[in-house]
$ cat input-v8.txt   # compact mmCIF, C-alpha atoms and all ligand atoms
# COMPACT_ATOMS: atom_id res chain seq x y z
CA MET A 19 -23.59 155.59 188.44
CA SER A 20 -26.43 154.36 190.59
CA TYR A 21 -29.63 156.32 191.20
CA LYS A 22 -28.90 156.07 194.93
CA GLU A 23 -25.95 158.41 194.69
CA PRO A 24 -26.64 162.11 195.11
CA ALA A 25 -27.06 164.13 191.91
CA PRO A 26 -23.61 164.60 190.38
CA ILE A 27 -22.04 168.05 190.66
CA MET A 28 -22.28 168.66 186.93
CA HIS A 29 -24.51 171.62 187.69
CA ASP A 30 -22.39 174.12 189.57
CA LYS A 31 -25.10 176.69 188.93
CA ASP A 32 -28.79 176.40 189.47
CA PRO A 33 -30.58 176.40 186.09
CA LEU A 34 -33.67 177.90 187.72
CA GLU A 35 -31.62 180.87 188.85
CA SER A 36 -30.18 181.33 185.34
CA MET A 37 -33.67 181.16 183.83
CA MET A 38 -35.10 183.64 186.35
CA LYS A 39 -32.29 186.17 185.83
CA ARG A 40 -32.85 186.17 182.08
CA PHE A 41 -36.60 186.39 182.59
CA HIS A 42 -36.04 189.38 184.85
CA ILE A 43 -33.81 191.21 182.32
CA ALA A 44 -36.37 190.77 179.53
CA ALA A 45 -39.26 191.73 181.83
CA GLU A 46 -37.47 195.00 182.59
CA TYR A 47 -37.05 195.77 178.88
CA LEU A 48 -40.74 195.07 178.39
CA ASN A 49 -41.70 197.07 181.43
CA LEU A 50 -43.91 194.15 182.44
CA ASP A 51 -46.43 195.10 185.08
CA GLU A 52 -46.12 193.45 188.46
CA GLU A 53 -49.18 191.25 188.14
CA VAL A 54 -48.04 189.71 184.87
CA TYR A 55 -44.49 189.41 186.18
CA SER A 56 -45.62 187.42 189.19
CA VAL A 57 -47.90 185.19 187.10
CA LEU A 58 -45.22 184.39 184.53
CA LYS A 59 -42.43 183.81 186.98
CA SER A 60 -44.26 181.08 188.89
CA SER A 61 -45.18 177.56 187.81
CA ASN A 62 -48.84 176.57 187.67
CA LYS A 63 -48.33 173.16 189.19
CA LYS A 64 -45.52 170.96 190.53
CA ILE A 65 -46.13 167.28 191.04
CA ILE A 66 -43.73 164.95 192.86
CA VAL A 67 -44.38 161.20 192.90
CA SER A 68 -42.67 158.13 194.36
CA LEU A 69 -42.56 155.20 191.98
CA PRO A 70 -41.84 151.77 193.50
CA ILE A 71 -40.49 149.55 190.70
CA SER A 72 -39.75 145.80 190.76
CA MET A 73 -36.23 145.38 189.47
CA ASP A 74 -35.08 142.37 187.47
CA ASP A 75 -33.20 140.95 190.47
CA GLY A 76 -36.44 140.78 192.49
CA SER A 77 -35.75 143.87 194.62
CA VAL A 78 -38.01 146.93 194.73
CA LYS A 79 -36.55 150.39 194.21
CA VAL A 80 -38.38 153.64 194.71
CA PHE A 81 -37.73 156.36 192.14
CA GLU A 82 -38.75 159.98 192.47
CA GLY A 83 -40.59 161.50 189.50
CA TYR A 84 -41.64 165.05 188.71
CA ARG A 85 -43.86 166.96 186.34
CA VAL A 86 -43.86 170.72 186.43
CA ILE A 87 -46.43 172.68 184.45
CA HIS A 88 -45.10 176.17 184.10
CA SER A 89 -47.84 177.73 182.01
CA ASN A 90 -50.87 176.98 179.88
CA ILE A 91 -51.57 180.52 178.77
CA LEU A 92 -50.84 179.83 175.08
CA GLY A 93 -52.42 176.37 175.10
CA PRO A 94 -51.97 172.88 176.57
CA SER A 95 -48.58 172.50 178.22
CA LYS A 96 -45.85 170.75 176.26
CA GLY A 97 -42.46 169.40 177.21
CA GLY A 98 -40.26 166.36 177.42
CA LEU A 99 -39.70 163.64 179.99
CA ARG A 100 -36.11 163.27 181.21
CA PHE A 101 -34.55 160.13 182.73
CA ASP A 102 -31.25 161.15 184.27
CA PRO A 103 -29.42 160.78 187.60
CA GLY A 104 -29.17 164.58 187.88
CA VAL A 105 -32.93 165.22 187.70
CA ASN A 106 -34.27 167.34 190.56
CA LEU A 107 -37.22 169.64 191.13
CA ASN A 108 -35.32 172.87 190.47
CA GLU A 109 -33.96 171.60 187.19
CA VAL A 110 -37.39 170.41 186.03
CA THR A 111 -38.91 173.74 187.06
CA ALA A 112 -36.38 175.68 184.96
CA LEU A 113 -36.82 173.33 182.01
CA ALA A 114 -40.62 173.72 182.20
CA ALA A 115 -40.36 177.53 182.03
CA TRP A 116 -37.91 177.24 179.14
CA MET A 117 -40.55 175.23 177.27
CA THR A 118 -43.04 178.09 177.72
CA TRP A 119 -40.56 180.58 176.26
CA LYS A 120 -39.50 178.16 173.52
CA CYS A 121 -43.05 177.52 172.29
CA ALA A 122 -43.78 181.25 172.39
CA VAL A 123 -40.63 182.26 170.51
CA VAL A 124 -41.45 179.92 167.61
CA ASP A 125 -45.13 180.79 167.83
CA ILE A 126 -46.74 177.41 168.41
CA PRO A 127 -49.92 177.18 170.52
CA TYR A 128 -48.54 175.53 173.64
CA GLY A 129 -47.64 176.37 177.19
CA GLY A 130 -44.61 174.82 178.85
CA ALA A 131 -44.00 171.80 181.07
CA LYS A 132 -41.30 169.27 181.83
CA GLY A 133 -41.12 165.88 183.49
CA GLY A 134 -38.27 163.92 184.94
CA VAL A 135 -37.38 160.81 186.88
CA CYS A 136 -34.19 160.63 188.89
CA CYS A 137 -32.72 157.37 187.62
CA ASP A 138 -29.79 156.08 185.61
CA PRO A 139 -31.34 154.65 182.42
CA ARG A 140 -27.94 153.34 181.24
CA SER A 141 -27.82 150.90 184.11
CA MET A 142 -31.44 149.71 183.75
CA SER A 143 -32.80 146.92 181.57
CA LYS A 144 -35.44 147.53 178.93
CA SER A 145 -38.13 145.90 181.06
CA GLU A 146 -37.18 147.96 184.13
CA LEU A 147 -37.43 151.10 181.99
CA GLU A 148 -40.81 149.96 180.70
CA ARG A 149 -42.14 149.40 184.24
CA LEU A 150 -40.79 152.79 185.31
CA THR A 151 -42.39 154.59 182.34
CA ARG A 152 -45.73 152.86 182.90
CA ALA A 153 -45.69 153.64 186.65
CA TYR A 154 -44.86 157.28 185.92
CA THR A 155 -47.72 157.46 183.39
CA GLN A 156 -50.18 155.97 185.89
CA ALA A 157 -49.08 158.51 188.48
CA MET A 158 -49.55 161.36 185.98
CA HIS A 159 -52.75 160.03 184.48
CA ASP A 160 -54.85 163.02 185.50
CA VAL A 161 -52.17 165.48 184.50
CA PHE A 162 -51.58 164.31 180.93
CA GLY A 163 -54.04 164.65 178.07
CA PRO A 164 -54.00 165.84 174.44
CA ASP A 165 -55.74 169.07 175.50
CA LYS A 166 -53.98 169.39 178.85
CA ASP A 167 -50.35 168.35 179.00
CA ILE A 168 -48.40 166.53 176.30
CA PRO A 169 -45.04 164.89 177.08
CA ALA A 170 -42.27 164.06 174.60
CA PRO A 171 -38.73 162.66 174.65
CA ASP A 172 -35.85 164.43 176.37
CA VAL A 173 -32.45 163.38 177.76
CA GLY A 174 -32.52 159.61 178.46
CA THR A 175 -35.88 158.89 176.80
CA GLY A 176 -36.93 158.21 173.22
CA PRO A 177 -39.57 156.53 171.05
CA ASP A 178 -39.75 153.38 173.26
CA GLN A 179 -40.72 155.33 176.38
CA MET A 180 -43.24 157.37 174.36
CA ALA A 181 -44.83 154.17 173.02
CA TRP A 182 -45.23 152.76 176.56
CA LEU A 183 -46.59 156.07 177.80
CA MET A 184 -49.14 156.22 174.97
CA ASP A 185 -50.17 152.61 175.59
CA GLU A 186 -50.51 153.02 179.37
CA TYR A 187 -52.53 156.22 179.04
CA SER A 188 -54.74 154.67 176.34
CA ARG A 189 -55.43 151.56 178.46
CA ALA A 190 -56.66 153.73 181.30
CA ARG A 191 -58.90 155.70 178.94
CA GLY A 192 -60.20 152.58 177.19
CA THR A 193 -59.37 153.97 173.77
CA THR A 194 -56.24 154.74 171.78
CA VAL A 195 -55.19 158.32 172.47
CA ASN A 196 -52.09 158.86 170.37
CA ALA A 197 -52.14 162.68 170.65
CA VAL A 198 -51.31 162.44 174.39
CA VAL A 199 -47.59 162.19 173.66
CA THR A 200 -45.23 163.09 170.81
CA GLY A 201 -41.97 161.55 169.66
CA LYS A 202 -43.67 158.16 169.25
CA PRO A 203 -42.46 155.48 166.83
CA ILE A 204 -43.91 156.30 163.40
CA ILE A 205 -46.04 153.16 163.34
CA LEU A 206 -47.89 154.39 166.47
CA GLY A 207 -48.64 157.81 165.00
CA GLY A 208 -45.21 159.39 165.32
CA SER A 209 -44.27 161.98 162.72
CA VAL A 210 -41.69 161.48 160.04
CA GLY A 211 -38.86 163.90 160.69
CA ARG A 212 -39.36 163.98 164.50
CA ILE A 213 -36.23 161.97 165.36
CA GLU A 214 -33.93 164.40 163.57
CA ALA A 215 -36.08 167.49 164.25
CA THR A 216 -34.06 169.10 167.05
CA GLY A 217 -30.73 168.52 165.29
CA ARG A 218 -32.21 169.80 162.05
CA GLY A 219 -33.43 172.95 163.79
CA VAL A 220 -29.94 173.44 165.26
CA MET A 221 -28.55 173.13 161.72
CA VAL A 222 -31.00 175.72 160.38
CA ALA A 223 -30.23 178.10 163.28
CA THR A 224 -26.48 177.63 162.76
CA LEU A 225 -26.63 178.36 159.04
CA SER A 226 -28.90 181.38 159.59
CA ALA A 227 -26.54 182.77 162.25
CA LEU A 228 -23.39 182.11 160.20
CA THR A 229 -24.89 184.05 157.31
CA LYS A 230 -25.71 187.00 159.58
CA ILE A 231 -22.21 187.13 161.06
CA LYS A 232 -20.74 186.68 157.59
CA ILE A 233 -18.95 183.36 158.03
CA ASN A 234 -19.16 181.07 155.03
CA PRO A 235 -20.73 177.80 156.25
CA PHE A 236 -18.69 175.91 153.69
CA ASN A 237 -15.71 174.52 155.61
CA ALA A 238 -16.71 176.44 158.77
CA THR A 239 -15.25 174.46 161.67
CA VAL A 240 -17.66 173.04 164.24
CA ALA A 241 -17.20 171.38 167.65
CA VAL A 242 -20.17 169.49 169.08
CA GLN A 243 -20.36 168.70 172.79
CA GLY A 244 -22.75 165.77 173.39
CA PHE A 245 -23.41 163.03 170.88
CA GLY A 246 -26.94 162.00 171.79
CA ASN A 247 -29.90 162.53 169.49
CA VAL A 248 -29.47 166.31 169.18
CA GLY A 249 -25.67 166.53 168.87
CA SER A 250 -25.28 163.64 166.44
CA TRP A 251 -28.05 164.82 164.12
CA ALA A 252 -26.83 168.41 164.19
CA ALA A 253 -23.27 167.25 163.38
CA ASN A 254 -24.47 164.98 160.60
CA LEU A 255 -26.70 167.58 158.95
CA LEU A 256 -24.12 170.36 159.21
CA LYS A 257 -21.52 168.08 157.68
CA GLU A 258 -23.92 167.34 154.80
CA ARG A 259 -24.10 171.08 154.21
CA GLY A 260 -20.35 171.48 153.94
CA CYS A 261 -19.29 172.36 157.50
CA LYS A 262 -16.24 170.62 158.93
CA ILE A 263 -17.00 168.86 162.23
CA VAL A 264 -13.60 168.89 163.90
CA ALA A 265 -14.64 167.58 167.33
CA ILE A 266 -17.38 165.60 169.03
CA SER A 267 -17.77 164.32 172.57
CA ASP A 268 -19.89 162.31 174.96
CA ILE A 269 -19.44 161.16 178.55
CA SER A 270 -16.43 159.07 177.46
CA GLY A 271 -14.59 162.32 176.48
CA GLY A 272 -13.86 164.31 173.32
CA TYR A 273 -12.50 163.29 169.90
CA TYR A 274 -10.66 165.79 167.71
CA ASN A 275 -9.73 165.53 164.06
CA GLU A 276 -8.58 168.67 162.27
CA LYS A 277 -9.37 167.10 158.88
CA GLY A 278 -12.93 166.53 160.03
CA ILE A 279 -14.63 163.70 161.94
CA ASP A 280 -16.46 161.15 159.80
CA VAL A 281 -19.79 161.75 161.54
CA GLY A 282 -21.55 158.82 159.86
CA ASN A 283 -18.83 156.50 161.15
CA ALA A 284 -19.08 157.95 164.65
CA ILE A 285 -22.86 157.38 164.68
CA THR A 286 -22.44 153.77 163.54
CA TYR A 287 -19.71 153.27 166.16
CA ARG A 288 -21.92 154.70 168.91
CA ASN A 289 -24.89 152.57 167.86
CA GLU A 290 -22.76 149.44 167.91
CA HIS A 291 -21.22 150.26 171.32
CA LYS A 292 -24.22 150.68 173.62
CA GLY A 293 -24.62 154.35 172.83
CA SER A 294 -21.02 155.27 173.76
CA LEU A 295 -18.07 156.68 171.77
CA GLU A 296 -15.56 155.09 174.21
CA LYS A 297 -12.43 154.05 172.22
CA PHE A 298 -13.69 155.68 169.00
CA ASP A 299 -10.57 156.03 166.84
CA GLY A 300 -11.78 158.62 164.32
CA GLY A 301 -10.08 161.44 166.24
CA LYS A 302 -7.45 162.27 168.82
CA LYS A 303 -8.72 161.90 172.39
CA ILE A 304 -9.25 165.27 174.12
CA SER A 305 -11.06 166.29 177.29
CA ASN A 306 -14.47 167.87 177.43
CA GLU A 307 -12.87 171.15 178.58
CA GLU A 308 -10.44 171.07 175.65
CA LEU A 309 -13.33 170.59 173.24
CA LEU A 310 -15.16 173.59 174.67
CA SER A 311 -12.12 175.84 174.26
CA LEU A 312 -11.19 174.84 170.69
CA ASP A 313 -10.53 177.60 168.20
CA VAL A 314 -13.51 176.89 165.95
CA ASP A 315 -16.15 178.90 164.12
CA VAL A 316 -19.07 177.18 165.83
CA LEU A 317 -19.47 175.50 169.21
CA ILE A 318 -22.63 173.46 169.73
CA PRO A 319 -23.19 172.48 173.37
CA ALA A 320 -25.72 169.66 173.04
CA ALA A 321 -25.44 167.83 176.36
CA LEU A 322 -26.73 169.06 179.71
CA GLU A 323 -27.04 172.34 181.59
CA ASN A 324 -24.07 174.50 182.57
CA ALA A 325 -21.42 173.28 180.13
CA ILE A 326 -20.32 176.92 179.87
CA THR A 327 -20.06 178.80 183.15
CA GLU A 328 -18.08 181.77 184.48
CA LYS A 329 -15.25 179.27 185.13
CA ASN A 330 -14.58 178.42 181.49
CA ALA A 331 -16.36 181.18 179.50
CA ASN A 332 -13.12 183.11 179.17
CA GLN A 333 -11.46 180.16 177.44
CA ILE A 334 -14.11 179.88 174.72
CA LYS A 335 -12.68 180.79 171.31
CA ALA A 336 -15.62 179.96 169.05
CA ARG A 337 -17.16 182.81 167.04
CA LEU A 338 -20.65 181.41 167.39
CA ILE A 339 -22.37 179.25 170.02
CA VAL A 340 -25.58 177.45 169.08
CA GLU A 341 -27.29 175.89 172.09
CA GLY A 342 -28.53 172.42 171.20
CA ALA A 343 -29.05 171.59 174.89
CA ASN A 344 -31.38 173.37 177.28
CA GLY A 345 -29.53 175.75 179.58
CA PRO A 346 -25.93 174.89 178.55
CA THR A 347 -24.72 178.42 179.41
CA SER A 348 -25.08 179.81 182.92
CA HIS A 349 -26.32 183.34 183.38
CA GLU A 350 -22.92 184.47 184.69
CA ALA A 351 -21.24 183.22 181.51
CA ASP A 352 -23.58 185.27 179.27
CA SER A 353 -21.89 188.61 179.92
CA ILE A 354 -18.37 187.15 179.63
CA LEU A 355 -19.20 185.74 176.20
CA GLU A 356 -20.87 188.97 175.15
CA LYS A 357 -17.79 191.00 176.12
CA LYS A 358 -15.66 188.68 174.01
CA GLY A 359 -17.98 189.36 171.06
CA ILE A 360 -19.16 185.75 170.85
CA VAL A 361 -22.66 185.43 169.40
CA ALA A 362 -24.87 182.86 171.17
CA VAL A 363 -28.07 181.53 169.63
CA PRO A 364 -30.03 180.71 172.81
CA ASP A 365 -31.53 177.31 173.60
CA ILE A 366 -35.15 178.51 173.51
CA LEU A 367 -34.63 179.35 169.84
CA ALA A 368 -31.81 177.05 168.69
CA ASN A 369 -33.28 173.76 169.89
CA ALA A 370 -36.95 174.50 169.17
CA GLY A 371 -36.99 172.23 166.09
CA GLY A 372 -37.98 169.27 168.28
CA VAL A 373 -41.08 170.84 169.77
CA ILE A 374 -42.05 172.29 166.38
CA VAL A 375 -42.22 168.81 164.86
CA SER A 376 -43.88 167.55 168.06
CA TYR A 377 -46.57 170.11 167.32
CA PHE A 378 -46.86 168.74 163.77
CA GLU A 379 -47.15 165.21 165.19
CA TRP A 380 -49.97 166.29 167.51
CA VAL A 381 -51.74 168.06 164.62
CA GLN A 382 -51.44 164.95 162.44
CA ASN A 383 -52.77 162.71 165.25
CA ARG A 384 -55.74 164.98 165.74
CA LEU A 385 -56.42 165.11 162.01
CA GLY A 386 -55.93 161.37 161.63
CA PHE A 387 -53.69 162.18 158.68
CA LYS A 388 -49.99 161.77 157.86
CA TRP A 389 -47.76 164.41 156.39
CA THR A 390 -44.85 163.68 154.07
CA LYS A 391 -41.27 164.22 155.17
CA ASN A 392 -40.99 167.00 152.65
CA ARG A 393 -43.90 168.88 154.22
CA VAL A 394 -42.51 168.41 157.75
CA TYR A 395 -39.05 169.66 156.74
CA ARG A 396 -40.35 172.58 154.70
CA ARG A 397 -42.68 173.82 157.43
CA SER A 398 -40.29 173.31 160.33
CA ASP A 399 -37.38 174.97 158.49
CA SER A 400 -39.60 177.89 157.64
CA ILE A 401 -40.77 178.34 161.27
CA MET A 402 -37.17 178.16 162.50
CA LYS A 403 -35.99 180.74 159.96
CA GLN A 404 -38.86 183.08 160.70
CA ALA A 405 -38.29 182.86 164.46
CA PHE A 406 -34.55 183.40 163.98
CA ASN A 407 -35.10 186.49 161.82
CA ASN A 408 -37.61 187.90 164.28
CA VAL A 409 -35.24 187.45 167.23
CA PHE A 410 -32.32 188.79 165.19
CA SER A 411 -34.18 191.96 164.27
CA ILE A 412 -35.21 192.56 167.92
CA SER A 413 -31.57 192.16 168.93
CA LYS A 414 -30.44 194.67 166.29
CA LYS A 415 -33.21 197.13 167.12
CA TYR A 416 -32.40 197.29 170.84
CA LYS A 417 -28.69 196.42 170.52
CA ILE A 418 -29.06 193.43 172.83
CA SER A 419 -27.97 189.81 172.75
CA LEU A 420 -29.96 187.20 170.84
CA ARG A 421 -30.77 185.63 174.19
CA THR A 422 -32.38 188.72 175.66
CA ALA A 423 -34.13 189.33 172.33
CA ALA A 424 -35.57 185.78 172.35
CA TYR A 425 -36.82 186.18 175.92
CA ILE A 426 -38.37 189.53 174.99
CA ALA A 427 -40.18 188.01 171.99
CA ALA A 428 -41.43 185.10 174.10
CA ILE A 429 -42.45 186.97 177.23
CA ASP A 430 -44.15 189.70 175.23
CA LYS A 431 -46.28 187.13 173.45
CA VAL A 432 -47.25 185.23 176.61
CA ALA A 433 -47.92 188.47 178.52
CA ARG A 434 -50.17 189.88 175.78
CA THR A 435 -52.06 186.58 175.52
CA TYR A 436 -52.54 186.59 179.30
CA LYS A 437 -53.89 190.12 179.20
CA TYR A 438 -56.40 189.28 176.48
CA ARG A 439 -57.50 186.19 178.36
CA ASP A 440 -58.02 187.97 181.66
CA GLY A 441 -59.86 190.83 179.98
CA SER A 442 -57.41 193.63 180.75
CA PHE A 443 -56.67 194.05 177.01
CA THR A 444 -59.26 194.66 174.37
CA PHE A 445 -58.64 194.29 170.69
CA GLN A 446 -57.02 197.27 168.97
CA LYS A 447 -57.04 197.53 165.20
CA ASN A 448 -53.30 198.15 165.11
CA ASP A 449 -52.40 195.40 167.59
CA LYS A 450 -49.71 192.93 166.53
CA ASN A 451 -51.33 189.82 165.14
CA SER A 452 -49.04 187.32 166.79
N1 LIG B 501 -37.49 167.73 175.02
C1 LIG B 501 -37.54 168.57 173.87
C2 LIG B 501 -37.23 170.00 174.24
O1 LIG B 501 -36.63 170.28 175.25
C3 LIG B 501 -38.83 168.39 173.08
C4 LIG B 501 -40.09 168.77 173.77
C5 LIG B 501 -41.35 168.43 172.99
O2 LIG B 501 -41.26 168.03 171.85
O3 LIG B 501 -42.42 168.58 173.59
O4 LIG B 501 -37.52 170.90 173.51
$ encode --input "input-v8.txt" --output "structure tokens" --more "lines below"
Ligand code: GLU
Amino acid sequence: MSYKEPAPIMHDKDPLESMMKRFHIAAEYLNLDEEVYSVLKSSNKKIIVSLPISMDDGSVKVFEGYRVIHSNILGPSKGGLRFDPGVNLNEVTALAAWMTWKCAVVDIPYGGAKGGVCCDPRSMSKSELERLTRAYTQAMHDVFGPDKDIPAPDVGTGPDQMAWLMDEYSRARGTTVNAVVTGKPIILGGSVGRIEATGRGVMVATLSALTKIKINPFNATVAVQGFGNVGSWAANLLKERGCKIVAISDISGGYYNEKGIDVGNAITYRNEHKGSLEKFDGGKKISNEELLSLDVDVLIPAALENAITEKNANQIKARLIVEGANGPTSHEADSILEKKGIVAVPDILANAGGVIVSYFEWVQNRLGFKWTKNRVYRRSDSIMKQAFNNVFSISKKYKISLRTAAYIAAIDKVARTYKYRDGSFTFQKNDKNS
């Protein structure tokens, strides 16, 4: 697919609308006053840039890039940089707000932001991607900063892009500033455990949820949609803990094996075939829709937004959905799933493992000190479990979905912080401490 084509119709629902509807439901539960409501629903800043890039064939192409800062109430804004042909301002705006709620729900001191460039990284060479990342960084030079706005990897970007971003920013500042970005290669100040962090968090959330709904994780059947960084790590780690991964998929389609997919093999295959599972023979070929409607214990959508919408929600047979991707379920699908009694661990909780370890990376960079893998795993697992238990108890207390409970936890925290900061709250001895 070329970047010139219009954004593909993979998003039949607007993610911003889904985000806003959920925000609204939680705000009503919290009885949020109008002032706070209007502050939290809007983004602080939206930047759109045009990036002319020399391509390898000598032509110049102009790419559109975005950075949306939703909030910096809890701290500097944090959020990934996405390279994908479907990137647009509405999507980036929704993803930025989701970062605010995500950081709040796991209680790390960041606001939310997101960046994106509308491009097709699969059809670009490494040097074209490097020029694009450097141009984007130059354009966002005044926006980024370790105390202002800190990017990280997202769909279509990884450690290489973060290394170029760190280098370009540091050149402009005249000194190495590694805390300006997270998800870097370890040698440049990246954290051990960051690569697998989101998938690991999905694994922790899945096991926590399975225990609550009384399904034994051992031999629990799992289907994973999306086999990028998040999906493949989640599948691998769940398999290590005894779950049976019966299906995986990527843009080449789905692969089903009732005896269990050899996830290690699938990862090797993907790595040796330019990131694609095309012609993988470790499972019977099925369609993406078939994968989503498999009769499994756990479904992990770990690709893009709107995998589950009102069109297919009725076909879902999984007992538990754990959202590895951001926004994989549309707002309309929420109530259909709820009526069917399907428990969904929402994105802002389920995939927070990545930003948690990003936070650890930033802390290590600022301390000039490296943590061990053991420390990273122990602390991130513990934050994930604590956040899960907190959201679970809110959902039990008010008899609401985990999604609404997670939004309530997040919005309550950001709203109270805002009120303290603007002086309309004063400290009460019995106030909640976090
Ligand atoms: N892109 C990831 C997310 O959506 C990670 C963000 C970060 O580490 O800042 O959570």
$ residues_around --input "input-v8.txt" --residues "A:Ser72" --least-positions-apart "3" --cutoff "10 Å" --atoms "all atoms listed in the file" --output "NGL selection string"
:A and (69 or 75-80 or 145-146 or 149-150)
$ residues_near_ligand --input "input-v8.txt" --ligand "ligand LIG 501 (chain B)" --cutoff "6 Å" --atoms "all atoms listed in the file" --output "list in words"
Lys96, Gly97, Gly98, Pro169, Ala170, Pro171, Asp172, Ala370, Gly372, Val373 and Ser376 of chain A
$ closest_residue --input "input-v8.txt" --among "A:Ala115, A:Phe81, A:Gly201, A:Ile233" --to "A:Thr151" --atoms "all atoms listed in the file"
A:Phe81
$ closest_residue --input "input-v8.txt" --among "A:Arg434, A:Arg100, A:His42, A:Lys166" --to "A:Ile87" --atoms "only C-alpha atoms"
A:Lys166
$ residues_around --input "input-v8.txt" --residues "stretch 236-253 of chain A" --least-positions-apart "6" --cutoff "8 Å" --atoms "only C-alpha atoms" --output "count of residues only"
35
$ closest_residue --input "input-v8.txt" --among "A:Ser305, A:Thr194, A:Ser419, A:Ser141" --to "A:Lys292" --atoms "all atoms listed in the file"
A:Ser141
$ atom_distance --input "input-v8.txt" --atom1 "atom CA of A:Ser209" --atom2 "atom CA of A:Pro235"
29.1 Å
$ atom_distance --input "input-v8.txt" --atom1 "atom CA of A:Gly174" --atom2 "atom CA of A:Gly83"
13.8 Å
$ atom_distance --input "input-v8.txt" --atom1 "atom CA of A:Asn392" --atom2 "atom CA of A:Ile168"
24.8 Å
$ residues_around --input "input-v8.txt" --residues "A:Tyr154" --least-positions-apart "4" --cutoff "12 Å" --atoms "all atoms listed in the file" --output "NGL selection string"
:A and (65-71 or 80-85 or 99-101 or 133-136 or 147-150 or 158-162 or 169 or 179-180 or 182-184 or 186-187)
$ write_last_selection --input "input-v8.txt" --atoms "C-alpha atoms" --output "PDB file, in the coordinates of the input"
ATOM      1  CA  ILE A  65     -46.130 167.280 191.040  1.00  0.00           C
ATOM      2  CA  ILE A  66     -43.730 164.950 192.860  1.00  0.00           C
ATOM      3  CA  VAL A  67     -44.380 161.200 192.900  1.00  0.00           C
ATOM      4  CA  SER A  68     -42.670 158.130 194.360  1.00  0.00           C
ATOM      5  CA  LEU A  69     -42.560 155.200 191.980  1.00  0.00           C
ATOM      6  CA  PRO A  70     -41.840 151.770 193.500  1.00  0.00           C
ATOM      7  CA  ILE A  71     -40.490 149.550 190.700  1.00  0.00           C
ATOM      8  CA  VAL A  80     -38.380 153.640 194.710  1.00  0.00           C
ATOM      9  CA  PHE A  81     -37.730 156.360 192.140  1.00  0.00           C
ATOM     10  CA  GLU A  82     -38.750 159.980 192.470  1.00  0.00           C
ATOM     11  CA  GLY A  83     -40.590 161.500 189.500  1.00  0.00           C
ATOM     12  CA  TYR A  84     -41.640 165.050 188.710  1.00  0.00           C
ATOM     13  CA  ARG A  85     -43.860 166.960 186.340  1.00  0.00           C
ATOM     14  CA  LEU A  99     -39.700 163.640 179.990  1.00  0.00           C
ATOM     15  CA  ARG A 100     -36.110 163.270 181.210  1.00  0.00           C
ATOM     16  CA  PHE A 101     -34.550 160.130 182.730  1.00  0.00           C
ATOM     17  CA  GLY A 133     -41.120 165.880 183.490  1.00  0.00           C
ATOM     18  CA  GLY A 134     -38.270 163.920 184.940  1.00  0.00           C
ATOM     19  CA  VAL A 135     -37.380 160.810 186.880  1.00  0.00           C
ATOM     20  CA  CYS A 136     -34.190 160.630 188.890  1.00  0.00           C
ATOM     21  CA  LEU A 147     -37.430 151.100 181.990  1.00  0.00           C
ATOM     22  CA  GLU A 148     -40.810 149.960 180.700  1.00  0.00           C
ATOM     23  CA  ARG A 149     -42.140 149.400 184.240  1.00  0.00           C
ATOM     24  CA  LEU A 150     -40.790 152.790 185.310  1.00  0.00           C
ATOM     25  CA  MET A 158     -49.550 161.360 185.980  1.00  0.00           C
ATOM     26  CA  HIS A 159     -52.750 160.030 184.480  1.00  0.00           C
ATOM     27  CA  ASP A 160     -54.850 163.020 185.500  1.00  0.00           C
ATOM     28  CA  VAL A 161     -52.170 165.480 184.500  1.00  0.00           C
ATOM     29  CA  PHE A 162     -51.580 164.310 180.930  1.00  0.00           C
ATOM     30  CA  PRO A 169     -45.040 164.890 177.080  1.00  0.00           C
ATOM     31  CA  GLN A 179     -40.720 155.330 176.380  1.00  0.00           C
ATOM     32  CA  MET A 180     -43.240 157.370 174.360  1.00  0.00           C
ATOM     33  CA  TRP A 182     -45.230 152.760 176.560  1.00  0.00           C
ATOM     34  CA  LEU A 183     -46.590 156.070 177.800  1.00  0.00           C
ATOM     35  CA  MET A 184     -49.140 156.220 174.970  1.00  0.00           C
ATOM     36  CA  GLU A 186     -50.510 153.020 179.370  1.00  0.00           C
ATOM     37  CA  TYR A 187     -52.530 156.220 179.040  1.00  0.00           C
TER      38      TYR A 187
END
$ residues_around --input "input-v8.txt" --residues "stretch 125-129 of chain A" --least-positions-apart "5" --cutoff "8 Å" --atoms "all atoms listed in the file" --output "ChimeraX atom specification"
/A:88-96,117-118,374,377,405,452
$ residues_around --input "input-v8.txt" --residues "A:Ala351" --least-positions-apart "6" --cutoff "8 Å" --atoms "all atoms listed in the file" --output "VMD selection string"
chain A and resid 326 to 328 331
$ closest_residue --input "input-v8.txt" --among "A:Phe410, A:Phe387, A:Tyr273, A:Phe378" --to "A:Ile304" --atoms "all atoms listed in the file"
A:Tyr273
$ closest_residue --input "input-v8.txt" --among "A:Val409, A:Asp165, A:Lys388, A:Glu296" --to "A:Ala197" --atoms "only C-alpha atoms"
A:Asp165
